[in-house]
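A.B. asks: Got my_file29.pdb for you, PDB, C-alpha atoms and all ligand atoms:
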ATOM      1  CA  MET C 813    -137.516 -22.385 -36.900
ATOM      2  CA  LEU C 814    -134.657 -20.437 -38.532
ATOM      3  CA  GLU C 815    -131.579 -19.259 -36.644
ATOM      4  CA  LEU C 816    -128.707 -17.097 -37.741
ATOM      5  CA  ASP C 817    -125.996 -17.839 -35.247
ATOM      6  CA  GLU C 818    -123.038 -15.461 -34.883
ATOM      7  CA  ILE C 819    -122.910 -14.769 -38.621
ATOM      8  CA  THR C 820    -119.943 -12.847 -39.983
ATOM      9  CA  LYS C 821    -119.308 -12.133 -43.662
ATOM     10  CA  VAL C 822    -116.066 -10.587 -44.840
ATOM     11  CA  TYR C 823    -115.895 -10.117 -48.623
ATOM     12  CA  PRO C 824    -112.654 -10.594 -50.560
ATOM     13  CA  GLY C 825    -110.978  -7.208 -50.264
ATOM     14  CA  GLY C 826    -111.793  -7.025 -46.570
ATOM     15  CA  LYS C 827    -115.277  -5.467 -46.379
ATOM     16  CA  ARG C 828    -116.975  -6.760 -43.203
ATOM     17  CA  ALA C 829    -120.589  -6.686 -44.417
ATOM     18  CA  VAL C 830    -122.058  -8.643 -41.476
ATOM     19  CA  ASP C 831    -120.475  -8.744 -38.053
ATOM     20  CA  ARG C 832    -121.302 -11.477 -35.478
ATOM     21  CA  LEU C 833    -125.014 -11.225 -35.991
ATOM     22  CA  THR C 834    -127.411 -13.548 -34.209
ATOM     23  CA  LEU C 835    -131.158 -13.697 -34.917
ATOM     24  CA  ARG C 836    -133.818 -16.347 -34.252
ATOM     25  CA  PHE C 837    -137.090 -16.519 -36.119
ATOM     26  CA  GLY C 838    -140.416 -18.309 -35.751
ATOM     27  CA  PRO C 839    -143.521 -17.893 -37.933
ATOM     28  CA  GLY C 840    -144.764 -14.356 -38.659
ATOM     29  CA  LEU C 841    -143.531 -11.358 -40.609
ATOM     30  CA  VAL C 842    -140.207  -9.926 -39.494
ATOM     31  CA  GLY C 843    -138.909  -6.718 -41.024
ATOM     32  CA  LEU C 844    -135.167  -6.459 -41.539
ATOM     33  CA  LEU C 845    -134.665  -2.731 -41.555
ATOM     34  CA  GLY C 846    -131.469  -0.851 -42.291
ATOM     35  CA  PRO C 847    -129.953   1.875 -44.480
ATOM     36  CA  ASN C 848    -128.326   1.126 -47.842
ATOM     37  CA  GLY C 849    -125.134  -0.837 -47.350
ATOM     38  CA  ALA C 850    -126.152  -2.059 -43.867
ATOM     39  CA  GLY C 851    -125.625  -5.705 -44.842
ATOM     40  CA  LYS C 852    -129.253  -6.723 -45.340
ATOM     41  CA  SER C 853    -128.842  -8.348 -48.755
ATOM     42  CA  THR C 854    -125.742 -10.181 -47.603
ATOM     43  CA  LEU C 855    -127.631 -11.517 -44.596
ATOM     44  CA  MET C 856    -130.623 -12.518 -46.733
ATOM     45  CA  ARG C 857    -128.375 -14.348 -49.197
ATOM     46  CA  ILE C 858    -126.719 -16.186 -46.322
ATOM     47  CA  ALA C 859    -130.112 -17.102 -44.819
ATOM     48  CA  ALA C 860    -131.175 -18.348 -48.275
ATOM     49  CA  THR C 861    -127.968 -20.466 -48.498
ATOM     50  CA  VAL C 862    -126.885 -18.613 -51.654
ATOM     51  CA  THR C 863    -123.799 -17.109 -49.991
ATOM     52  CA  ARG C 864    -121.645 -18.845 -47.395
ATOM     53  CA  PRO C 865    -120.830 -16.927 -44.220
ATOM     54  CA  THR C 866    -117.166 -16.407 -43.327
ATOM     55  CA  SER C 867    -118.058 -17.745 -39.882
ATOM     56  CA  GLY C 868    -121.226 -18.615 -37.989
ATOM     57  CA  ARG C 869    -124.068 -20.968 -38.810
ATOM     58  CA  VAL C 870    -127.560 -20.959 -40.269
ATOM     59  CA  LEU C 871    -129.773 -23.466 -38.452
ATOM     60  CA  PHE C 872    -133.116 -24.673 -39.764
ATOM     61  CA  HIS C 873    -135.097 -26.734 -37.252
ATOM     62  CA  GLY C 874    -131.772 -27.300 -35.546
ATOM     63  CA  VAL C 875    -130.040 -28.631 -38.682
ATOM     64  CA  ASP C 876    -126.910 -26.763 -39.761
ATOM     65  CA  ALA C 877    -127.854 -25.407 -43.204
ATOM     66  CA  THR C 878    -124.331 -24.144 -43.810
ATOM     67  CA  ALA C 879    -123.143 -27.768 -43.911
ATOM     68  CA  LYS C 880    -126.414 -29.402 -45.066
ATOM     69  CA  PRO C 881    -128.456 -26.858 -47.034
ATOM     70  CA  GLU C 882    -130.973 -29.292 -48.640
ATOM     71  CA  LEU C 883    -133.569 -29.277 -45.839
ATOM     72  CA  LEU C 884    -133.756 -25.470 -45.754
ATOM     73  CA  ARG C 885    -133.638 -25.140 -49.549
ATOM     74  CA  ARG C 886    -136.637 -27.452 -49.901
ATOM     75  CA  ALA C 887    -138.599 -25.306 -47.429
ATOM     76  CA  LEU C 888    -137.488 -21.961 -48.815
ATOM     77  CA  GLY C 889    -138.834 -19.328 -51.196
ATOM     78  CA  TYR C 890    -136.397 -16.534 -52.016
ATOM     79  CA  LEU C 891    -136.982 -13.333 -53.939
ATOM     80  CA  PRO C 892    -133.625 -11.624 -54.489
ATOM     81  CA  GLN C 893    -133.299  -7.871 -54.964
ATOM     82  CA  ASP C 894    -132.208  -8.302 -58.588
ATOM     83  CA  PHE C 895    -134.863 -10.821 -59.604
ATOM     84  CA  GLY C 896    -134.841 -11.180 -63.403
ATOM     85  CA  VAL C 897    -137.378 -12.713 -65.775
ATOM     86  CA  TYR C 898    -137.432 -13.891 -69.388
ATOM     87  CA  THR C 899    -139.333 -11.039 -70.985
ATOM     88  CA  HIS C 900    -140.600 -13.018 -73.977
ATOM     89  CA  LEU C 901    -142.303 -15.649 -71.781
ATOM     90  CA  THR C 902    -145.805 -15.209 -70.371
ATOM     91  CA  ALA C 903    -146.262 -15.385 -66.590
ATOM     92  CA  ARG C 904    -147.695 -18.877 -66.916
ATOM     93  CA  GLU C 905    -144.814 -20.094 -69.122
ATOM     94  CA  PHE C 906    -142.224 -18.557 -66.820
ATOM     95  CA  LEU C 907    -143.729 -20.159 -63.704
ATOM     96  CA  ALA C 908    -144.057 -23.500 -65.510
ATOM     97  CA  TYR C 909    -140.381 -23.309 -66.439
ATOM     98  CA  LEU C 910    -139.335 -22.587 -62.827
ATOM     99  CA  ALA C 911    -141.641 -25.342 -61.534
ATOM    100  CA  ALA C 912    -139.884 -27.801 -63.855
ATOM    101  CA  VAL C 913    -136.487 -26.609 -62.588
ATOM    102  CA  LYS C 914    -137.719 -27.209 -59.027
ATOM    103  CA  GLY C 915    -138.768 -30.728 -60.000
ATOM    104  CA  LEU C 916    -142.549 -30.342 -59.747
ATOM    105  CA  SER C 917    -144.516 -32.680 -62.034
ATOM    106  CA  ALA C 918    -146.243 -30.957 -64.973
ATOM    107  CA  ARG C 919    -149.686 -31.813 -63.634
ATOM    108  CA  SER C 920    -149.214 -30.576 -60.058
ATOM    109  CA  ALA C 921    -147.367 -27.529 -61.416
ATOM    110  CA  ARG C 922    -150.350 -26.575 -63.571
ATOM    111  CA  ALA C 923    -152.772 -26.647 -60.633
ATOM    112  CA  ARG C 924    -150.330 -24.809 -58.353
ATOM    113  CA  ILE C 925    -149.656 -22.114 -60.969
ATOM    114  CA  ASP C 926    -153.403 -21.492 -61.356
ATOM    115  CA  GLU C 927    -153.708 -21.064 -57.580
ATOM    116  CA  LEU C 928    -150.719 -18.747 -57.397
ATOM    117  CA  LEU C 929    -151.769 -16.561 -60.320
ATOM    118  CA  GLU C 930    -155.085 -16.120 -58.530
ATOM    119  CA  LEU C 931    -153.339 -15.349 -55.228
ATOM    120  CA  VAL C 932    -151.129 -12.639 -56.708
ATOM    121  CA  ASN C 933    -153.971 -11.313 -58.840
ATOM    122  CA  LEU C 934    -152.401 -12.023 -62.227
ATOM    123  CA  THR C 935    -154.869 -14.517 -63.704
ATOM    124  CA  GLU C 936    -156.091 -11.983 -66.270
ATOM    125  CA  ALA C 937    -152.569 -11.018 -67.355
ATOM    126  CA  ALA C 938    -151.121 -14.556 -67.293
ATOM    127  CA  LYS C 939    -151.106 -14.977 -71.072
ATOM    128  CA  ARG C 940    -149.231 -11.747 -71.779
ATOM    129  CA  PRO C 941    -145.428 -11.622 -72.186
ATOM    130  CA  LEU C 942    -143.620 -10.439 -69.044
ATOM    131  CA  GLY C 943    -141.899  -7.718 -71.099
ATOM    132  CA  GLY C 944    -145.128  -5.694 -70.940
ATOM    133  CA  TYR C 945    -145.636  -6.016 -67.151
ATOM    134  CA  SER C 946    -145.346  -3.108 -64.676
ATOM    135  CA  GLY C 947    -142.787  -3.223 -61.845
ATOM    136  CA  GLY C 948    -145.492  -4.217 -59.387
ATOM    137  CA  MET C 949    -146.730  -7.041 -61.619
ATOM    138  CA  LEU C 950    -143.189  -8.380 -62.004
ATOM    139  CA  ARG C 951    -142.722  -8.336 -58.229
ATOM    140  CA  ARG C 952    -145.927 -10.327 -57.908
ATOM    141  CA  VAL C 953    -144.581 -12.863 -60.435
ATOM    142  CA  GLY C 954    -141.467 -12.923 -58.243
ATOM    143  CA  ILE C 955    -143.529 -13.747 -55.178
ATOM    144  CA  ALA C 956    -145.532 -16.366 -57.083
ATOM    145  CA  GLN C 957    -142.318 -18.205 -58.041
ATOM    146  CA  THR C 958    -141.173 -18.252 -54.396
ATOM    147  CA  LEU C 959    -144.444 -19.995 -53.466
ATOM    148  CA  LEU C 960    -144.318 -22.780 -56.082
ATOM    149  CA  ALA C 961    -143.317 -25.393 -53.517
ATOM    150  CA  ASP C 962    -145.413 -23.868 -50.669
ATOM    151  CA  PRO C 963    -142.389 -22.875 -48.574
ATOM    152  CA  GLN C 964    -142.283 -22.553 -44.782
ATOM    153  CA  VAL C 965    -139.756 -19.735 -45.072
ATOM    154  CA  LEU C 966    -140.098 -16.801 -47.433
ATOM    155  CA  ILE C 967    -137.190 -14.395 -47.844
ATOM    156  CA  VAL C 968    -137.869 -11.235 -49.818
ATOM    157  CA  ASP C 969    -135.175  -8.631 -50.372
ATOM    158  CA  GLU C 970    -136.342  -5.009 -50.833
ATOM    159  CA  PRO C 971    -139.471  -6.130 -52.691
ATOM    160  CA  THR C 972    -141.122  -2.714 -52.906
ATOM    161  CA  ALA C 973    -138.231  -0.902 -54.624
ATOM    162  CA  GLY C 974    -139.509   0.911 -57.693
ATOM    163  CA  LEU C 975    -143.199   0.334 -56.985
ATOM    164  CA  ASP C 976    -145.815   3.077 -56.954
ATOM    165  CA  PRO C 977    -147.724   3.707 -53.671
ATOM    166  CA  GLU C 978    -150.726   1.617 -54.659
ATOM    167  CA  GLU C 979    -148.576  -1.352 -55.775
ATOM    168  CA  ARG C 980    -146.611  -0.979 -52.551
ATOM    169  CA  MET C 981    -149.728  -1.258 -50.459
ATOM    170  CA  ARG C 982    -150.997  -4.285 -52.399
ATOM    171  CA  PHE C 983    -147.654  -5.981 -52.047
ATOM    172  CA  ARG C 984    -147.554  -5.304 -48.292
ATOM    173  CA  ASN C 985    -150.987  -6.842 -47.854
ATOM    174  CA  LEU C 986    -150.003  -9.911 -49.853
ATOM    175  CA  LEU C 987    -146.893 -10.484 -47.714
ATOM    176  CA  SER C 988    -148.888  -9.938 -44.561
ATOM    177  CA  ASP C 989    -151.431 -12.604 -45.632
ATOM    178  CA  LEU C 990    -148.615 -15.018 -46.469
ATOM    179  CA  ALA C 991    -147.118 -14.619 -42.979
ATOM    180  CA  THR C 992    -150.082 -16.149 -41.162
ATOM    181  CA  ASP C 993    -148.599 -19.649 -41.272
ATOM    182  CA  ARG C 994    -144.963 -19.193 -42.305
ATOM    183  CA  LEU C 995    -141.905 -17.076 -41.662
ATOM    184  CA  VAL C 996    -141.680 -14.076 -43.965
ATOM    185  CA  LEU C 997    -138.415 -12.197 -43.709
ATOM    186  CA  LEU C 998    -138.678  -8.873 -45.488
ATOM    187  CA  SER C 999    -135.758  -6.491 -45.898
ATOM    188  CA  THR C1000    -136.206  -2.808 -46.575
ATOM    189  CA  HIS C1001    -134.764   0.621 -45.850
ATOM    190  CA  ILE C1002    -138.252   2.156 -45.752
ATOM    191  CA  VAL C1003    -139.969   2.131 -42.363
ATOM    192  CA  SER C1004    -143.469   2.423 -43.821
ATOM    193  CA  ASP C1005    -142.959  -0.841 -45.770
ATOM    194  CA  ILE C1006    -143.170  -2.797 -42.541
ATOM    195  CA  GLU C1007    -144.943  -0.378 -40.207
ATOM    196  CA  ALA C1008    -148.415  -1.839 -40.532
ATOM    197  CA  ILE C1009    -147.548  -5.499 -41.112
ATOM    198  CA  ALA C1010    -144.437  -6.616 -39.213
ATOM    199  CA  SER C1011    -144.908  -8.392 -35.896
ATOM    200  CA  GLU C1012    -141.255  -7.724 -35.166
ATOM    201  CA  VAL C1013    -138.354  -5.800 -36.567
ATOM    202  CA  ALA C1014    -134.600  -6.301 -36.630
ATOM    203  CA  VAL C1015    -132.640  -3.112 -37.265
ATOM    204  CA  VAL C1016    -129.216  -3.575 -38.857
ATOM    205  CA  SER C1017    -126.559  -0.983 -39.616
ATOM    206  CA  GLY C1018    -122.871  -1.356 -40.342
ATOM    207  CA  GLY C1019    -123.350  -5.133 -40.403
ATOM    208  CA  ARG C1020    -124.459  -5.219 -36.758
ATOM    209  CA  LEU C1021    -127.772  -5.845 -35.064
ATOM    210  CA  ARG C1022    -128.946  -2.618 -33.408
ATOM    211  CA  TYR C1023    -132.389  -3.686 -32.242
ATOM    212  CA  ARG C1024    -134.655  -6.698 -32.232
ATOM    213  CA  GLY C1025    -138.204  -6.523 -30.928
ATOM    214  CA  THR C1026    -141.666  -5.146 -31.545
ATOM    215  CA  LEU C1027    -142.292  -1.865 -33.311
ATOM    216  CA  ASP C1028    -144.171  -0.712 -30.190
ATOM    217  CA  ALA C1029    -141.153  -1.192 -27.958
ATOM    218  CA  LEU C1030    -138.966   0.613 -30.495
ATOM    219  CA  LEU C1031    -141.375   3.536 -30.408
ATOM    220  CA  GLN C1032    -141.528   3.507 -26.582
ATOM    221  CA  ALA C1033    -137.743   3.625 -26.373
ATOM    222  CA  ALA C1034    -137.744   6.884 -28.344
ATOM    223  CA  LYS C1035    -140.132   8.607 -25.915
ATOM    224  CA  GLY C1036    -138.760  11.915 -24.627
ATOM    225  CA  ARG C1037    -136.020  11.889 -27.279
ATOM    226  CA  VAL C1038    -137.733  13.478 -30.247
ATOM    227  CA  TRP C1039    -137.882  17.237 -30.623
ATOM    228  CA  GLU C1040    -139.246  19.713 -33.069
ATOM    229  CA  VAL C1041    -136.988  22.678 -33.664
ATOM    230  CA  THR C1042    -137.173  25.787 -35.821
ATOM    231  CA  VAL C1043    -133.896  26.890 -37.395
ATOM    232  CA  ARG C1044    -132.728  29.156 -40.186
ATOM    233  CA  PRO C1045    -132.186  27.275 -43.490
ATOM    234  CA  GLU C1046    -128.386  27.724 -43.302
ATOM    235  CA  HIS C1047    -128.305  25.924 -39.934
ATOM    236  CA  VAL C1048    -129.963  22.716 -41.135
ATOM    237  CA  ALA C1049    -126.705  21.122 -42.287
ATOM    238  CA  HIS C1050    -125.111  21.832 -38.894
ATOM    239  CA  LEU C1051    -128.106  20.249 -37.126
ATOM    240  CA  GLN C1052    -127.883  17.189 -39.395
ATOM    241  CA  SER C1053    -124.181  16.814 -38.741
ATOM    242  CA  ARG C1054    -124.811  16.564 -34.975
ATOM    243  CA  HIS C1055    -128.146  14.735 -34.740
ATOM    244  CA  ALA C1056    -130.467  12.283 -36.489
ATOM    245  CA  VAL C1057    -132.931  14.524 -38.332
ATOM    246  CA  SER C1058    -135.967  12.679 -39.590
ATOM    247  CA  ARG C1059    -137.878  15.420 -41.373
ATOM    248  CA  VAL C1060    -137.306  19.011 -42.458
ATOM    249  CA  LEU C1061    -140.137  21.273 -43.597
ATOM    250  CA  ARG C1062    -139.975  24.869 -44.770
ATOM    251  CA  THR C1063    -142.313  27.214 -42.869
ATOM    252  CA  GLY C1064    -142.013  30.699 -44.297
ATOM    253  CA  ASP C1065    -138.379  31.835 -43.959
ATOM    254  CA  ALA C1066    -137.477  29.192 -41.378
ATOM    255  CA  MET C1067    -137.161  25.399 -41.321
ATOM    256  CA  ARG C1068    -138.956  23.061 -38.920
ATOM    257  CA  ALA C1069    -137.054  19.861 -38.230
ATOM    258  CA  ARG C1070    -137.731  16.702 -36.221
ATOM    259  CA  VAL C1071    -134.633  15.710 -34.316
ATOM    260  CA  PHE C1072    -133.729  12.607 -32.298
ATOM    261  CA  ALA C1073    -131.599  13.609 -29.299
ATOM    262  CA  PHE C1074    -131.285  12.658 -25.620
ATOM    263  CA  GLU C1075    -131.257  16.344 -24.599
ATOM    264  CA  PRO C1076    -133.000  19.339 -26.234
ATOM    265  CA  PRO C1077    -130.805  20.011 -29.321
ATOM    266  CA  VAL C1078    -131.473  23.786 -29.127
ATOM    267  CA  ALA C1079    -132.827  25.946 -26.287
ATOM    268  CA  ASP C1080    -136.386  26.293 -27.618
ATOM    269  CA  ALA C1081    -136.798  22.687 -28.848
ATOM    270  CA  GLN C1082    -140.324  21.328 -28.318
ATOM    271  CA  PRO C1083    -140.717  17.700 -27.223
ATOM    272  CA  VAL C1084    -143.000  15.753 -29.604
ATOM    273  CA  ALA C1085    -144.446  12.228 -29.674
ATOM    274  CA  PRO C1086    -142.028   9.918 -31.520
ATOM    275  CA  GLU C1087    -142.900   8.251 -34.800
ATOM    276  CA  LEU C1088    -141.251   5.039 -35.976
ATOM    277  CA  GLU C1089    -139.118   6.877 -38.513
ATOM    278  CA  ASP C1090    -137.623   9.016 -35.690
ATOM    279  CA  ALA C1091    -136.942   5.971 -33.530
ATOM    280  CA  TYR C1092    -135.312   4.081 -36.425
ATOM    281  CA  LEU C1093    -133.093   6.993 -37.492
ATOM    282  CA  GLY C1094    -132.083   7.558 -33.872
ATOM    283  CA  LEU C1095    -130.971   3.930 -33.610
ATOM    284  CA  VAL C1096    -129.007   4.030 -36.861
ATOM    285  CA  ALA C1097    -127.313   7.299 -35.867
ATOM    286  CA  ALA C1098    -126.356   5.832 -32.480
ATOM    287  CA  GLY C1099    -124.642   2.944 -34.298
ATOM    288  CA  ARG C1100    -122.418   5.199 -36.395
TER     289      ARG C1100
HETATM  290  N1  LIG T   1    -119.736  -9.110 -53.504
HETATM  291  C1  LIG T   1    -119.306  -8.114 -52.730
HETATM  292  N2  LIG T   1    -117.982  -7.836 -52.651
HETATM  293  C2  LIG T   1    -117.504  -6.842 -51.871
HETATM  294  N3  LIG T   1    -118.291  -6.046 -51.103
HETATM  295  C3  LIG T   1    -119.619  -6.279 -51.140
HETATM  296  C4  LIG T   1    -120.188  -7.312 -51.952
HETATM  297  N4  LIG T   1    -121.538  -7.306 -51.780
HETATM  298  C5  LIG T   1    -121.790  -6.309 -50.898
HETATM  299  N5  LIG T   1    -120.658  -5.698 -50.512
HETATM  300  C6  LIG T   1    -120.527  -4.581 -49.542
HETATM  301  O1  LIG T   1    -121.011  -5.036 -48.287
HETATM  302  C7  LIG T   1    -121.787  -4.026 -47.633
HETATM  303  C8  LIG T   1    -123.181  -4.549 -47.368
HETATM  304  O2  LIG T   1    -123.857  -4.727 -48.612
HETATM  305  P1  LIG T   1    -125.338  -5.287 -48.728
HETATM  306  O3  LIG T   1    -125.708  -5.304 -50.182
HETATM  307  O4  LIG T   1    -125.443  -6.550 -47.976
HETATM  308  O5  LIG T   1    -126.155  -4.158 -47.960
HETATM  309  P2  LIG T   1    -127.692  -3.798 -48.007
HETATM  310  O6  LIG T   1    -128.076  -3.428 -46.619
HETATM  311  O7  LIG T   1    -128.466  -4.879 -48.660
HETATM  312  O8  LIG T   1    -127.717  -2.502 -48.889
HETATM  313  P3  LIG T   1    -128.533  -2.240 -50.242
HETATM  314  O9  LIG T   1    -129.930  -2.062 -49.804
HETATM  315  O10 LIG T   1    -127.885  -0.975 -50.740
HETATM  316  O11 LIG T   1    -128.293  -3.433 -51.118
HETATM  317  C9  LIG T   1    -121.737  -2.812 -48.547
HETATM  318  O12 LIG T   1    -120.711  -1.969 -48.109
HETATM  319  C10 LIG T   1    -121.404  -3.406 -49.916
HETATM  320  O13 LIG T   1    -120.727  -2.468 -50.707
END
Please express the file's structure as structure tokens.
C.D. replies:
Amino acid sequence: MLELDEITKVYPGGKRAVDRLTLRFGPGLVGLLGPNGAGKSTLMRIAATVTRPTSGRVLFHGVDATAKPELLRRALGYLPQDFGVYTHLTAREFLAYLAAVKGLSARSARARIDELLELVNLTEAAKRPLGGYSGGMLRRVGIAQTLLADPQVLIVDEPTAGLDPEERMRFRNLLSDLATDRLVLLSTHIVSDIEAIASEVAVVSGGRLRYRGTLDALLQAAKGRVWEVTVRPEHVAHLQSRHAVSRVLRTGDAMRARVFAFEPPVADAQPVAPELEDAYLGLVAAGR
């Protein structure tokens, strides 16, 4: 449905934010996972036709959206990382305003807005000014606006940033429901944001694709490469400088750390079953 074909983005000043990256998507929820600065937002903006790539093409149903963006734009809902609202408007007024900008008739907009407020669980709050909304509520308004024209492709950039755990979970469930009959592309640097809901994941670091596939296969690939080690507190920094360390816990005077490494990182390292976080950090470290 949507293809990113050999995309490269070099910003003025020379920063190569995305480097020859190719990804193909069908319906379902795909997590775009990568550390801060990996190039996720740049890639999302290119996929949403907001930014032009330096080279490469975005194809939507085979049509080159870099040259002819209209087809993709009509089928697209995009929630940018820095989504802003007019704080003095109510949710209903704000959505009505955006519906008008998108060219929906007032009558069909009204019915659609009712449906969407229900979907994102904001019907009760719809008459209150957005200035009084929590971060989670504002994100849900953000999602509602992406759905005004019932898009086939939904692109959401770091949507759970700043949300509390309960809001995070609600938001994850909402995105998961929305992915049953459309493509939802969700970028994040937090593994648990996509752990339970993504059918596939693309891991990006340094502007390059490091992995594309199921979370299961990612986990399998880390088998036999995750170790638990006990070290003195002053040795943690040394361990971190040589390996991907996914978790450090204090146990009495010592520190217990989970380490991704092909060989035992210290003599008495214990092999442990990998978790997704270990597998992801191992991949990112390998790309450095
Ligand atoms: N307009 C710009 N001009 C110059 N460099 C930029 C610009 N936008 C982003 N960059 C740089 O490109 C790289 C990738 O940035 P990008 O925002 O795409 O990454 P990201 O994975 O979304 O990270 P984050 O989650 O921190 O936003 C970073 O090094 C960033 O500093």
A.B. asks: Any chance you could work out the residue set of the PyMOL selection byres (((chain C and resi 880-894) around 6) and not hetatm) here, as a PyMOL selection string?
C.D. replies: chain C and resi 876-879+895+958+963-970
A.B. asks: Around ligand LIG 1 (chain T), which protein and nucleic acid residues have at least one atom no more than 10 Å from it, if we count only C-alpha atoms and all ligand atoms? List them as a PyMOL selection string.
C.D. replies: chain C and resi 821-830+844-858+863+893-894+969-970+973+999-1001+1016-1019
A.B. asks: Show me, as a list in words, the residues that have an atom within 8 Å of Arg952 in chain C when counting all atoms listed in the file, minus same-chain residues fewer than 6 positions from it.
C.D. replies: Val932, Leu934 and Phe983 of chain C
A.B. asks: Write the residues of the preceding selection, restricted to C-alpha atoms, as a compact mmCIF listing (two decimals), in the frame of the given file.
C.D. replies:
# COMPACT_ATOMS: atom_id res chain seq x y z
CA VAL C 932 -151.13 -12.64 -56.71
CA LEU C 934 -152.40 -12.02 -62.23
CA PHE C 983 -147.65 -5.98 -52.05
A.B. asks: Please evaluate the PyMOL selection byres (((chain C and resi 1078-1093) around 8) and not hetatm) against the displayed coordinates and give the resulting residues as a ChimeraX atom specification.
C.D. replies: /C:1003,1007,1015,1027,1030-1031,1033-1042,1056-1058,1070-1072,1076-1077,1094-1097
A.B. asks: Report as lines of an AutoDock Vina configuration file the centre and the edge lengths, in Å to one decimal, of the axis-aligned box holding every listed atom of range 818-833 of chain C, padded by 8 Å on each side.
C.D. replies:
center_x = -118.0
center_y = -10.5
center_z = -42.7
size_x = 30.0
size_y = 26.0
size_z = 31.7
